[in-house]
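**Student:** Quick one: the structure is below, and I'll ask about it shortly.
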Amino acid sequence: MLTCQKLLNKHTELWQKATIHPFLGQCKLGTIQPIQFNTWLVQDYLFVVEFTRLVARILNAAPVQHFDSILGGLNALKDELNWFRDKAAERNLDLSTIKQSTCQEYCNFLLEITEMSYPVQAVGLWAIELAYNQGWQLPGPMPEPYAEFANRWGNVAFTEYVRILEKQADSALETASETVEQQAESVFIQIAQLENSFWQMAFTGGQ
Ligand SMILES: Cc1ncc(CN)c(N)n1
């Protein structure tokens, strides 16, 4: 039987590339350049808009026992979108801009996930949230102004939320066919690759 942990064990290197990147390393050192950080901030806001739509669709496919956590996630996304708007305003950034190709590619992939069965969606949701939880947590405490960003996804409550998503994905996988297991693995791999590309996009600052 496939589990989230098995996916992490099987694709260690790929997952490391998704969660450990010079972008985050330079946030930790305080040496990230404004163009790089601002590129990430604007593009991540655009991503989170589409991610919110994905979570809403996952709610539609989920068993009622999983509603609590998904509704909690949607509520947190409401705050997160407003927080992104505040952060962008502080930096005089225009959020009504076009998506860079990597961001667009990831958003297109989110749409593809919505057409798959619930176990695959549950694995996708867990992987996307785990990527940010670990990505922002692994470097350890960051200096201001990045501490606030690291804390948003690295905090204990978010870690607990990701654990619940993992349990839900595992329970959805319990009765999954081999085909669905393969789809879940493929979605996990693609998310890991897209997460790495997203950091890379921000790191190159849109040049
Ligand atoms: C690219 C990306 N991946 C994941 C997350 C966490 N929701 C995010 N905000 N952005």
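In the structure tokens, the first chain shown is A, the next is B, and so on; residue numbers restart at 1 for each chain, and ligands run from 1 in the order shown.
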Select the residues contacting ligand 1 at a distance of at most 7 Å, based on only C-alpha atoms and all ligand atoms, then format the selection as a list in words.
**Tutor:**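 So, counting only C-alpha atoms and all ligand atoms, the residues near ligand 1 are Asp44, Phe47, Val48, Ile128, Glu129, Ala131, Tyr132, Glu195 and Phe198 of chain A.
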**Student:** Taking C-alpha atoms for each residue, export the selection above as an mmCIF file, in the first residue's frame.
**Tutor:**
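Below you can see selection22.cif, which holds the result:
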```
data_model
loop_
_atom_site.group_PDB
_atom_site.id
_atom_site.type_symbol
_atom_site.label_atom_id
_atom_site.label_comp_id
_atom_site.auth_asym_id
_atom_site.auth_seq_id
_atom_site.Cartn_x
_atom_site.Cartn_y
_atom_site.Cartn_z
ATOM 1 C CA ASP A 44 3.473 33.323 -5.005
ATOM 2 C CA PHE A 47 -0.070 30.984 -7.239
ATOM 3 C CA VAL A 48 -1.985 31.084 -3.938
ATOM 4 C CA ILE A 128 2.237 21.270 -1.786
ATOM 5 C CA GLU A 129 1.813 22.274 1.870
ATOM 6 C CA ALA A 131 7.022 21.675 0.532
ATOM 7 C CA TYR A 132 6.497 25.123 2.072
ATOM 8 C CA GLU A 195 8.467 23.564 -6.389
ATOM 9 C CA PHE A 198 9.375 28.028 -8.606
#
```
**Student:** Kindly assemble as JSON lines a list of the stretch 135-200 of chain A residues that lie within 10 Å of stretch 39-42 of chain A, each paired with its nearest atom pair and their distance in Å to one decimal, using only C-alpha atoms, sorted first by chain and then by ascending residue number.
**Tutor:**
```
{"residue": "A:Phe149", "atom": "CA", "partner": "A:Leu41", "partner_atom": "CA", "distance": 9.9}
{"residue": "A:Phe198", "atom": "CA", "partner": "A:Trp40", "partner_atom": "CA", "distance": 8.1}
{"residue": "A:Trp199", "atom": "CA", "partner": "A:Trp40", "partner_atom": "CA", "distance": 7.6}
{"residue": "A:Gln200", "atom": "CA", "partner": "A:Trp40", "partner_atom": "CA", "distance": 9.6}
```
**Student:** Atoms to include: N, CA and C atoms. Write the selected residues as a PDB file, in the first residue's frame.
**Tutor:**
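The resulting part-v3.pdb:
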```pdb
ATOM      1  N   PHE A 149       7.960  35.661   7.163  1.00  0.00           N
ATOM      2  CA  PHE A 149       7.607  34.772   6.051  1.00  0.00           C
ATOM      3  C   PHE A 149       7.895  33.324   6.441  1.00  0.00           C
ATOM      4  N   PHE A 198       9.945  26.780  -9.128  1.00  0.00           N
ATOM      5  CA  PHE A 198       9.375  28.028  -8.606  1.00  0.00           C
ATOM      6  C   PHE A 198      10.443  28.829  -7.838  1.00  0.00           C
ATOM      7  N   TRP A 199      11.217  28.132  -7.002  1.00  0.00           N
ATOM      8  CA  TRP A 199      12.321  28.822  -6.297  1.00  0.00           C
ATOM      9  C   TRP A 199      13.323  29.368  -7.308  1.00  0.00           C
ATOM     10  N   GLN A 200      13.609  28.554  -8.312  1.00  0.00           N
ATOM     11  CA  GLN A 200      14.591  28.959  -9.322  1.00  0.00           C
ATOM     12  C   GLN A 200      14.113  30.208 -10.065  1.00  0.00           C
TER      13      GLN A 200
END
```
**Student:** Go through A:Phe37, A:Phe203, A:Phe188, A:Tyr45 one by one, measure the shortest atom-to-atom distance of each to A:Pro22 using only C-alpha atoms, and give the residue with the smallest value.
**Tutor:**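 For A:Pro22, the nearest of the given residues is A:Phe203.
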**Student:** Restricting the calculation to only C-alpha atoms, which member of A:Ala176, A:Ile191, A:Cys4, A:Ile35 is positioned closest to A:Leu93?
**Tutor:**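 Closest residue, counting only C-alpha atoms: A:Ile35.
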**Student:** Using atom CA of A:His11 and atom CA of A:Gln183 as the two end points, give the distance in Å to one decimal.
**Tutor:** 14.9 Å
**Student:** If we count only C-alpha atoms, what is near A:Leu110 at a cut-off of 12 Å, once residues fewer than 4 positions away on the same chain are taken out, given as a list of chain:residue names?
**Tutor:**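 Contacts, in chain order: A:Phe47, A:Val48, A:Val49, A:Glu50, A:Phe51, A:Thr52, A:Arg53, A:Leu54, A:Val55, A:Ala56, A:Arg57, A:Ile58, A:Cys103, A:Gln104, A:Glu105, A:Tyr106, A:Thr114, A:Glu115, A:Met116, A:Val120, A:Gln121, A:Gly124, A:Leu125, A:Ile128, A:Val187, A:Phe188, A:Gln190, A:Ile191, A:Leu194.
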**Student:** Could you tell me which of A:Lys28, A:Pro119, A:Ala88, A:Leu8 comes closest to A:Glu178 if we count only C-alpha atoms?
**Tutor:**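 That would be A:Pro119, the residue with the smallest distance to A:Glu178.
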**Student:** For A:Lys99, which residue among A:Ser69, A:Thr3, A:Gln43, A:Asn155 is the nearest when counting only C-alpha atoms?
**Tutor:** A:Gln43
**Student:** Out of chain A, which residues get alpha helix (DSSP H) from DSSP, as a count of residues only?
**Tutor:** 162
**Student:** What does the distance from atom CA of A:Lys10 to atom CA of A:Glu185 come to in Å, to one decimal?
**Tutor:**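 So the two atoms, atom CA of A:Lys10 and atom CA of A:Glu185, lie 9.8 Å apart.
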**Student:** Which residues, written as a list in words, have at least one atom at most 12 Å from A:Gln26, with only C-alpha atoms counted and residues fewer than 2 positions away on the same chain left out?
**Tutor:**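 The contact residues come out as Ile20, His21, Pro22, Phe23, Leu24, Lys28, Leu29, Gly30, Thr31, Ile32, Gln33, Pro34, Gln36, Phe37, Trp136, Pro139, Met142, Pro143, Tyr146, Trp199, Ala202 and Phe203 of chain A.
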**Student:** Quick one: write out the picked residues with N, CA and C atoms as a PDB file, in the first residue's frame?
**Tutor:**
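File produced: again-v9.pdb:
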```pdb
ATOM      1  N   ILE A  20      15.044  22.551  -0.417  1.00  0.00           N
ATOM      2  CA  ILE A  20      16.310  23.210  -0.045  1.00  0.00           C
ATOM      3  C   ILE A  20      16.819  23.921  -1.294  1.00  0.00           C
ATOM      4  N   HIS A  21      16.855  25.240  -1.229  1.00  0.00           N
ATOM      5  CA  HIS A  21      17.233  26.007  -2.423  1.00  0.00           C
ATOM      6  C   HIS A  21      18.001  27.260  -2.000  1.00  0.00           C
ATOM      7  N   PRO A  22      18.950  27.717  -2.842  1.00  0.00           N
ATOM      8  CA  PRO A  22      19.687  28.945  -2.496  1.00  0.00           C
ATOM      9  C   PRO A  22      18.779  30.142  -2.188  1.00  0.00           C
ATOM     10  N   PHE A  23      17.583  30.186  -2.785  1.00  0.00           N
ATOM     11  CA  PHE A  23      16.663  31.294  -2.473  1.00  0.00           C
ATOM     12  C   PHE A  23      16.414  31.337  -0.969  1.00  0.00           C
ATOM     13  N   LEU A  24      16.083  30.171  -0.400  1.00  0.00           N
ATOM     14  CA  LEU A  24      15.784  30.109   1.037  1.00  0.00           C
ATOM     15  C   LEU A  24      17.057  30.286   1.855  1.00  0.00           C
ATOM     16  N   LYS A  28      17.786  33.210   4.717  1.00  0.00           N
ATOM     17  CA  LYS A  28      18.357  32.902   6.042  1.00  0.00           C
ATOM     18  C   LYS A  28      19.591  33.779   6.328  1.00  0.00           C
ATOM     19  N   LEU A  29      20.419  33.999   5.281  1.00  0.00           N
ATOM     20  CA  LEU A  29      21.624  34.818   5.448  1.00  0.00           C
ATOM     21  C   LEU A  29      21.317  36.318   5.393  1.00  0.00           C
ATOM     22  N   GLY A  30      20.104  36.646   4.936  1.00  0.00           N
ATOM     23  CA  GLY A  30      19.730  38.048   4.776  1.00  0.00           C
ATOM     24  C   GLY A  30      20.334  38.675   3.531  1.00  0.00           C
ATOM     25  N   THR A  31      20.812  37.851   2.602  1.00  0.00           N
ATOM     26  CA  THR A  31      21.495  38.391   1.418  1.00  0.00           C
ATOM     27  C   THR A  31      20.638  38.320   0.149  1.00  0.00           C
ATOM     28  N   ILE A  32      19.421  37.849   0.288  1.00  0.00           N
ATOM     29  CA  ILE A  32      18.552  37.786  -0.900  1.00  0.00           C
ATOM     30  C   ILE A  32      18.299  39.225  -1.385  1.00  0.00           C
ATOM     31  N   GLN A  33      18.278  39.439  -2.699  1.00  0.00           N
ATOM     32  CA  GLN A  33      18.097  40.792  -3.239  1.00  0.00           C
ATOM     33  C   GLN A  33      16.608  41.126  -3.361  1.00  0.00           C
ATOM     34  N   PRO A  34      16.255  42.403  -3.191  1.00  0.00           N
ATOM     35  CA  PRO A  34      14.824  42.771  -3.273  1.00  0.00           C
ATOM     36  C   PRO A  34      14.156  42.276  -4.560  1.00  0.00           C
ATOM     37  N   GLN A  36      14.721  39.666  -6.249  1.00  0.00           N
ATOM     38  CA  GLN A  36      14.457  38.218  -6.118  1.00  0.00           C
ATOM     39  C   GLN A  36      13.283  37.979  -5.169  1.00  0.00           C
ATOM     40  N   PHE A  37      13.344  38.629  -4.010  1.00  0.00           N
ATOM     41  CA  PHE A  37      12.290  38.387  -3.020  1.00  0.00           C
ATOM     42  C   PHE A  37      10.939  38.893  -3.525  1.00  0.00           C
ATOM     43  N   TRP A 136      10.524  26.456   4.462  1.00  0.00           N
ATOM     44  CA  TRP A 136      10.723  27.645   5.295  1.00  0.00           C
ATOM     45  C   TRP A 136      11.226  27.310   6.691  1.00  0.00           C
ATOM     46  N   PRO A 139      15.826  25.892   7.139  1.00  0.00           N
ATOM     47  CA  PRO A 139      17.010  26.744   7.338  1.00  0.00           C
ATOM     48  C   PRO A 139      17.176  27.198   8.785  1.00  0.00           C
ATOM     49  N   MET A 142      15.145  32.903  10.699  1.00  0.00           N
ATOM     50  CA  MET A 142      15.613  33.853   9.676  1.00  0.00           C
ATOM     51  C   MET A 142      15.604  35.270  10.240  1.00  0.00           C
ATOM     52  N   PRO A 143      16.470  36.155   9.706  1.00  0.00           N
ATOM     53  CA  PRO A 143      16.456  37.552  10.169  1.00  0.00           C
ATOM     54  C   PRO A 143      15.240  38.293   9.587  1.00  0.00           C
ATOM     55  N   TYR A 146      12.521  38.557   6.881  1.00  0.00           N
ATOM     56  CA  TYR A 146      12.145  37.232   6.368  1.00  0.00           C
ATOM     57  C   TYR A 146      11.569  36.324   7.449  1.00  0.00           C
ATOM     58  N   TRP A 199      11.217  28.132  -7.002  1.00  0.00           N
ATOM     59  CA  TRP A 199      12.321  28.822  -6.297  1.00  0.00           C
ATOM     60  C   TRP A 199      13.323  29.368  -7.308  1.00  0.00           C
ATOM     61  N   ALA A 202      12.177  32.554  -8.920  1.00  0.00           N
ATOM     62  CA  ALA A 202      12.335  33.728  -8.053  1.00  0.00           C
ATOM     63  C   ALA A 202      13.810  34.096  -7.898  1.00  0.00           C
ATOM     64  N   PHE A 203      14.650  33.069  -7.799  1.00  0.00           N
ATOM     65  CA  PHE A 203      16.079  33.299  -7.580  1.00  0.00           C
ATOM     66  C   PHE A 203      16.706  34.066  -8.732  1.00  0.00           C
TER      67      PHE A 203
END
```
**Student:** Might you pull out every residue within 9 Å of A:Phe158, with only C-alpha atoms counted and same-chain residues fewer than 5 positions away left off, and present them as an NGL selection string?
**Tutor:** :A and (129 or 133 or 152-153 or 163)
**Student:** One number please: atom CA of A:Asn92 to atom CA of A:Leu74, in Å, one decimal.
**Tutor:**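 Atom CA of A:Asn92 sits 26.7 Å away from atom CA of A:Leu74.
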